[in-house]
Every structure is written in structure tokens, then in C-alpha cells.
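First comes the structure, then the notes that go with it.
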Number of protein chains: 2
Amino acid sequence: MAGLRERQKADRERRILRAAVTQFRADGYHSVRIEDLAEMAEVSVGTVYNYYRTKGDILIAVVAMEVEEVLASGAAVVTDPPDGVCEALLALIFGYYDHSLEYLSKEMWRSAMALSIEAPGTPNGRRYTELDRRLAVQVTDLIRSLIARGEVRDDVDANALGQIIFSALNQMFIEFVKDDAMTLEALRSGIAKQIGPLARLIETETTR
Amino acid sequence: MAGLRERQKADRERRILRAAVTQFRADGYHSVRIEDLAEMAEVSVGTVYNYYRTKGDILIAVVAMEVEEVLASGAAVVTDPPDGVCEALLALIFGYYDHSLEYLSKEMWRSAMALSIEAPGTPNGRRYTELDRRLAVQVTDLIRSLIARGEVRDDVDANALGQIIFSALNQMFIEFVKDDAMTLEALRSGIAKQIGPLARLIETETTR
DNA sequence: CAAAAAAGTTGAACTCGTTCATGTTTGTCG
DNA sequence: CGACAAACATGAACGAGTTCAACTTTTTTG
């Protein structure tokens, strides 16, 4: 049976996370104080720290939910990619990008990325890094899928290329969240300019 | 003539920077307090803030000196790259990597990178971003140089490829500084595994 | 059911980056 | 040289993340 204590704990954690999602989005990660979250969640400041190690932990928890969704949407593309190497890659990448601002602000992404670099040893950092790794694996899987379909030359190194493409899309995304004025449209066209030439290099002859 | 005031100012700034280089490397960016720097530089805490906007500014100033050196060493490779596409690219990249830990610790790199992502609008962030851009330009220049030499196919998009390669080497470097246990050797072989296959794709037929 | 143990909550106190009103030093002008 | 202005240095005070010793609540035990 679910003891009273357990229910209360789960409830408090949910309330804190809910407060975080709401306030981070509304006022920005930095403007929100732990005290604000505690107040909305109807717990004390100390209690927040019983559920999350640091303020950054709370952000990562929020961001991780979003990335899980992105991964799920990407899985659909990998299973049945559109025709054409460039089209398939961009379908996956645009899927990532379009999802990214659904629940999170650029400021939240910036802070989360900064955290993952600065504190790689914490549960925070490791969790975010793991999500990055899974995204890279998904890109690699797509390439393998395109090789199996005969659209990509079978002498390309799927691992190397998947990693390279992930690096490119990730770096582009960093530039996107760093510049508040940059539109999703500009992000899309930016990565397309890189993926296009690359796709041409790895296509099989027959697809030309 | 250099007035007394000017000399004193320059002197103080140098002392603060010197204290930062010494202490950041010895104890880590985070462990060092502004008060520690002030003490070593024989100024007050407030004075430190007269010369640098934030603690991060001081770090960026230190890191920027290092990156300028890296850019200078890279320029030599671009001017006269070794034979072979892969060899030339790796000569440039290894040059970057080997330089990177000469004066800076991994923790300093992590903090600097995190800063540039989190505070892109500050003088800090912009300066670091600008250095990144110049590194990407240098990679692009090398590719152009290899095209001119006939080693790289002249139908490849030098800009797109330069940016992609920069993203890859940068992402790899991020993984390197995130993992204190990762050796320079592992970093080198990691990027080589990505650059190798890519180089084969862009080489002219004759070089095969 | 009562008492002890376990688990969790609390908010005051601590740290450190940053700011600002005040004081001091340097340069300039009569 | 003396007095005024400008520039600069100073450190106490403030804000926000984090910690921890004391207190409450829930569970277990006899």
C-alpha cells in the first residue's frame, strides 16, 4: 500500500516541479528564486533541497522531460524516414528544433546547456549528457536506416557521420539559443546549408 | 607622458590578471573568491570590479589570451599545410588541442564555455563567441587552401564544411573538458575517427 | 496504545558575487 | 602653492543559493 508519507513526498515533488515549469517559463530561470518555488509549492526552502540537489537540478529535470519528448518524436522519423538523404536528415533535425521551444524558453536552454558543461559530474550534468548521447545515437540510426535503403553509400562510417551531424545540429542550436533575435526559420535554414552539401557527399550514385 | 594615474591603473589591472591566472589554475575558477584575487593583487574587492565587470569577465580575459595563441599557431598550419587532406585537418586540430591545456585547466575551459553560452549578450560572451567564429573561419580557410592545391574536390562548399568540422572539433573538445579522466590522446583519436571518413569523402580522385 | 525510532520539514545562518555611498588620491587651474 | 574637480579605491551592505541543527510528523515496536 502507498503509505501516507510516500504520497506526501510524491505530491511535494510534483508541486515543486510544477512550480518550476510555470515560473521558469514565465519569468526566466535566473529571475526565479528558490523561495518563489517553495512558496508556490507550499513547502519551505529547505524542503526544495530535499528533493533537488541544486537549483540547476530542477532545471535539468524540466529540460529532460522535453528532450524525452523530442527523442520520441525522432524515433518516428527514424522508423519511416521520408525519401531523399537530405530530406530525411532535415526531417529529423527540424523535428528536434520545432519541438525545442514548445515548453522551454531560450534562456532555459542556455542555462541547461551551461550547467551540463560546467557540472558534468553531478547527476544534473550526467543526465543531460546522456540525453545528448541518445540524440546522437538516433541520428546514427537514421543514417544506418538510409544505408539499408540504399540511399546512402554503404562505405560511409555511420557512427562517425552520425556524430558529426549531431555536433553540427547541436552547435547550430547553441547559436540559436544564444541569440534571442534568431528565428526558428533562420535556425532551419542555417542547418540546411550545412546538411545539404554533406548529404550530397554521402548519397549513392543512383539517387543523383 | 604616461601620468602616474595611468601607470597605477595599468599596474593594478596586470596584478589582478596575474592573480587570476595563478589562482584559477592552482585552485580552480570556482574555488577562487574575488576577495582572494583582491588580496593577492593588493587591491580591494571593489577595485577588482572597477577593472572587470564580473568574475566571469576575468576568466574570459585569461582564456582569450590562450585562444589568441591557438589562433596564431593555427595560422601557420593554414599557410603551409602538410600533404594529405586528413593530415592537414588533423595538424590544425591537434595544434588547437595540444595548446589548450598549456595554461588553462579543464575546469577553466568548462567555466568559460558555460559562461559564453549563458551570458551571450555580455562583453564576456560576445568576446568568446567571436573567438569561436575566428576558429571556424580558420578551418574554412584551410579547406579553401586544400581546394586550391587540388587535394579537395572543388565542388565542396568550403563554408559549410568548415563550419561542420569546427562543430565536430568543438563538440569533441567539450566532451574532453567535461571528463577529467579523458586524456589528450583519447581526444586526438576521437576526432581522428570523425575526420578520417569525412576527409575521404571530400578528397579528389587523384589523391586516393 | 504509548513510546521510541525513522524520516522529513523548517527557516535562520552562512557564503560569495555584486553594488554603492563615502573617502582618498591625482590632476588642473587661478 | 592652494583649492577645486575628476577619477578612483574602499569595504560595508545586499541578494540569492545552499546548509544544518532543531523540531514535527509518520511509522514501527513492545
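To be explicit about the labels: the chains of the C-alpha cells are called A, B, and onward in the order shown, and within each one the residues are counted from 1, while ligands get numbers from 1 in the order they are shown.
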Exercise. With a distance threshold of 10 Å and counting only C-alpha atoms (C1' of nucleotides), extract the residues of chain A near chain D and express them as a PyMOL selection string.
Key: chain A and resi 3-5+32-35+45-46+49+53-55
Filtering to C-alpha atoms, could you give me those residues as a short mmCIF file (atom, residue, chain, number, x, y, z; two decimals), in the first residue's frame?
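The result, stored in out-v3.cif:
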data_model
loop_
_atom_site.label_atom_id
_atom_site.label_comp_id
_atom_site.auth_asym_id
_atom_site.auth_seq_id
_atom_site.Cartn_x
_atom_site.Cartn_y
_atom_site.Cartn_z
CA GLY A 3 1.83 4.95 2.87
CA LEU A 4 0.83 8.47 3.77
CA ARG A 5 4.45 9.56 3.80
CA VAL A 32 13.09 32.78 -10.14
CA ARG A 33 14.33 32.31 -6.61
CA ILE A 34 14.18 29.04 -4.73
CA GLU A 35 12.00 30.88 -2.26
CA VAL A 45 13.17 26.40 1.09
CA GLY A 46 14.91 23.55 2.88
CA TYR A 49 16.66 20.94 -1.33
CA ARG A 53 20.31 18.89 -5.07
CA THR A 54 20.64 22.35 -6.59
CA LYS A 55 18.61 24.89 -8.49
#
Quiz item: Mind checking DSSP for region 56-188 of chain B and telling me the alpha helix (DSSP H) residues as a ChimeraX atom specification?
Solution: /B:56-79,85-100,106-118,123-148,158-178,184-188
Exercise. Please provide as a ChimeraX atom specification all residues within 12 Å of Ser111 (chain B), with the sequence filter that same-chain residues fewer than 6 positions apart are discarded (counting only C-alpha atoms (C1' of nucleotides)).
Key: /A:113-120 /B:24,28-31,55-60,62-63,104-105,117-119,124-125,128,174,177-178
Restrict the calculation to only C-alpha atoms (C1' of nucleotides), then for each residue of chain A with any atom at most 12 Å from an atom of chain C give the closest atom pair and their distance in Å to one decimal, rows by chain and rising residue number, as JSON lines.
{"residue": "A:Arg5", "atom": "CA", "partner": "C:DA7", "partner_atom": "C1'", "distance": 8.8}
{"residue": "A:Glu6", "atom": "CA", "partner": "C:DA7", "partner_atom": "C1'", "distance": 10.6}
{"residue": "A:Gln8", "atom": "CA", "partner": "C:DG8", "partner_atom": "C1'", "distance": 10.4}
{"residue": "A:Lys9", "atom": "CA", "partner": "C:DG8", "partner_atom": "C1'", "distance": 9.0}
{"residue": "A:Arg12", "atom": "CA", "partner": "C:DT9", "partner_atom": "C1'", "distance": 11.4}
{"residue": "A:Glu35", "atom": "CA", "partner": "C:DG11", "partner_atom": "C1'", "distance": 11.1}
{"residue": "A:Ala38", "atom": "CA", "partner": "C:DT10", "partner_atom": "C1'", "distance": 11.7}
{"residue": "A:Glu42", "atom": "CA", "partner": "C:DT9", "partner_atom": "C1'", "distance": 11.6}
{"residue": "A:Val43", "atom": "CA", "partner": "C:DT9", "partner_atom": "C1'", "distance": 8.3}
{"residue": "A:Ser44", "atom": "CA", "partner": "C:DT10", "partner_atom": "C1'", "distance": 6.3}
{"residue": "A:Val45", "atom": "CA", "partner": "C:DG11", "partner_atom": "C1'", "distance": 7.7}
{"residue": "A:Gly46", "atom": "CA", "partner": "C:DT10", "partner_atom": "C1'", "distance": 6.6}
{"residue": "A:Thr47", "atom": "CA", "partner": "C:DT9", "partner_atom": "C1'", "distance": 6.2}
{"residue": "A:Val48", "atom": "CA", "partner": "C:DT9", "partner_atom": "C1'", "distance": 10.0}
{"residue": "A:Tyr49", "atom": "CA", "partner": "C:DT9", "partner_atom": "C1'", "distance": 10.7}
{"residue": "A:Asn50", "atom": "CA", "partner": "C:DG8", "partner_atom": "C1'", "distance": 8.5}
{"residue": "A:Tyr51", "atom": "CA", "partner": "C:DG8", "partner_atom": "C1'", "distance": 10.8}
Output N, CA and C atoms for every residue in the selection just made, as a JSON list (two decimals), in the first residue's frame.
[["chain", "number", "residue", "atom", "x", "y", "z"],
["A", 5, "ARG", "N", 3.19, 8.85, 4.03],
["A", 5, "ARG", "CA", 4.45, 9.56, 3.80],
["A", 5, "ARG", "C", 4.85, 9.57, 2.32],
["A", 6, "GLU", "N", 4.69, 8.39, 1.72],
["A", 6, "GLU", "CA", 5.07, 8.29, 0.30],
["A", 6, "GLU", "C", 4.22, 9.20, -0.57],
["A", 8, "GLN", "N", 2.63, 11.88, 0.32],
["A", 8, "GLN", "CA", 3.00, 13.28, 0.56],
["A", 8, "GLN", "C", 4.28, 13.65, -0.17],
["A", 9, "LYS", "N", 5.23, 12.73, -0.16],
["A", 9, "LYS", "CA", 6.50, 13.01, -0.84],
["A", 9, "LYS", "C", 6.29, 13.22, -2.33],
["A", 12, "ARG", "N", 4.62, 16.51, -3.00],
["A", 12, "ARG", "CA", 5.51, 17.68, -2.86],
["A", 12, "ARG", "C", 6.42, 17.82, -4.06],
["A", 35, "GLU", "N", 13.07, 30.49, -3.18],
["A", 35, "GLU", "CA", 12.00, 30.88, -2.26],
["A", 35, "GLU", "C", 10.66, 31.01, -3.00],
["A", 38, "ALA", "N", 9.41, 27.54, -3.58],
["A", 38, "ALA", "CA", 8.95, 26.98, -2.30],
["A", 38, "ALA", "C", 7.57, 27.52, -1.95],
["A", 42, "GLU", "N", 4.18, 25.43, -1.77],
["A", 42, "GLU", "CA", 3.75, 25.33, -0.36],
["A", 42, "GLU", "C", 4.63, 24.39, 0.46],
["A", 43, "VAL", "N", 5.93, 24.61, 0.30],
["A", 43, "VAL", "CA", 6.90, 23.93, 1.15],
["A", 43, "VAL", "C", 7.93, 24.98, 1.57],
["A", 44, "SER", "N", 8.88, 24.59, 2.39],
["A", 44, "SER", "CA", 9.92, 25.53, 2.79],
["A", 44, "SER", "C", 11.10, 25.42, 1.84],
["A", 45, "VAL", "N", 11.98, 26.40, 1.93],
["A", 45, "VAL", "CA", 13.17, 26.40, 1.09],
["A", 45, "VAL", "C", 13.98, 25.11, 1.32],
["A", 46, "GLY", "N", 14.14, 24.75, 2.57],
["A", 46, "GLY", "CA", 14.91, 23.55, 2.88],
["A", 46, "GLY", "C", 14.34, 22.31, 2.23],
["A", 47, "THR", "N", 13.03, 22.24, 2.15],
["A", 47, "THR", "CA", 12.39, 21.06, 1.57],
["A", 47, "THR", "C", 12.69, 20.93, 0.08],
["A", 48, "VAL", "N", 12.75, 22.06, -0.60],
["A", 48, "VAL", "CA", 13.10, 22.02, -2.01],
["A", 48, "VAL", "C", 14.42, 21.28, -2.17],
["A", 49, "TYR", "N", 15.34, 21.56, -1.26],
["A", 49, "TYR", "CA", 16.66, 20.94, -1.33],
["A", 49, "TYR", "C", 16.64, 19.48, -0.90],
["A", 50, "ASN", "N", 15.54, 19.03, -0.34],
["A", 50, "ASN", "CA", 15.42, 17.61, -0.05],
["A", 50, "ASN", "C", 15.06, 16.82, -1.29],
["A", 51, "TYR", "N", 14.52, 17.53, -2.28],
["A", 51, "TYR", "CA", 14.07, 16.85, -3.50],
["A", 51, "TYR", "C", 15.03, 17.09, -4.66]]
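Between CA of Arg18 (chain B) and CA of Val67 (chain B) the interatomic distance comes to 17.1 Å.
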Practice problem: Do me a favour and pick out the residues of chain B within 9 Å of chain A, using only C-alpha atoms, as a ChimeraX atom specification. | Solution: /B:107,109-121,156-157,159-161,163-172,174-175,177-179,193-198,201-202
Quiz item: If we count only C-alpha atoms (C1' of nucleotides), what is near region 85-94 of chain A at a cut-off of 6 Å, once residues fewer than 6 positions away on the same chain are taken out, given as a ChimeraX atom specification?
Solution: /A:74,77,196,199
Quiz item: Suppose you want the space between CA of Tyr52 (chain B) and CA of Arg14 (chain B); what is it in Å?
Solution: 11.8 Å
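Here CA of Glu102 (chain B) is placed at a distance of 15.3 Å from CA of Leu187 (chain B).
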Quiz item: Which neighbours of Ala19 (chain B) fall inside 8 Å, counting only C-alpha atoms (C1' of nucleotides), when residues of the same chain fewer than 2 positions from it are skipped, and could you give them as a ChimeraX atom specification?
Solution: /B:15-17,21-23,37,40-41
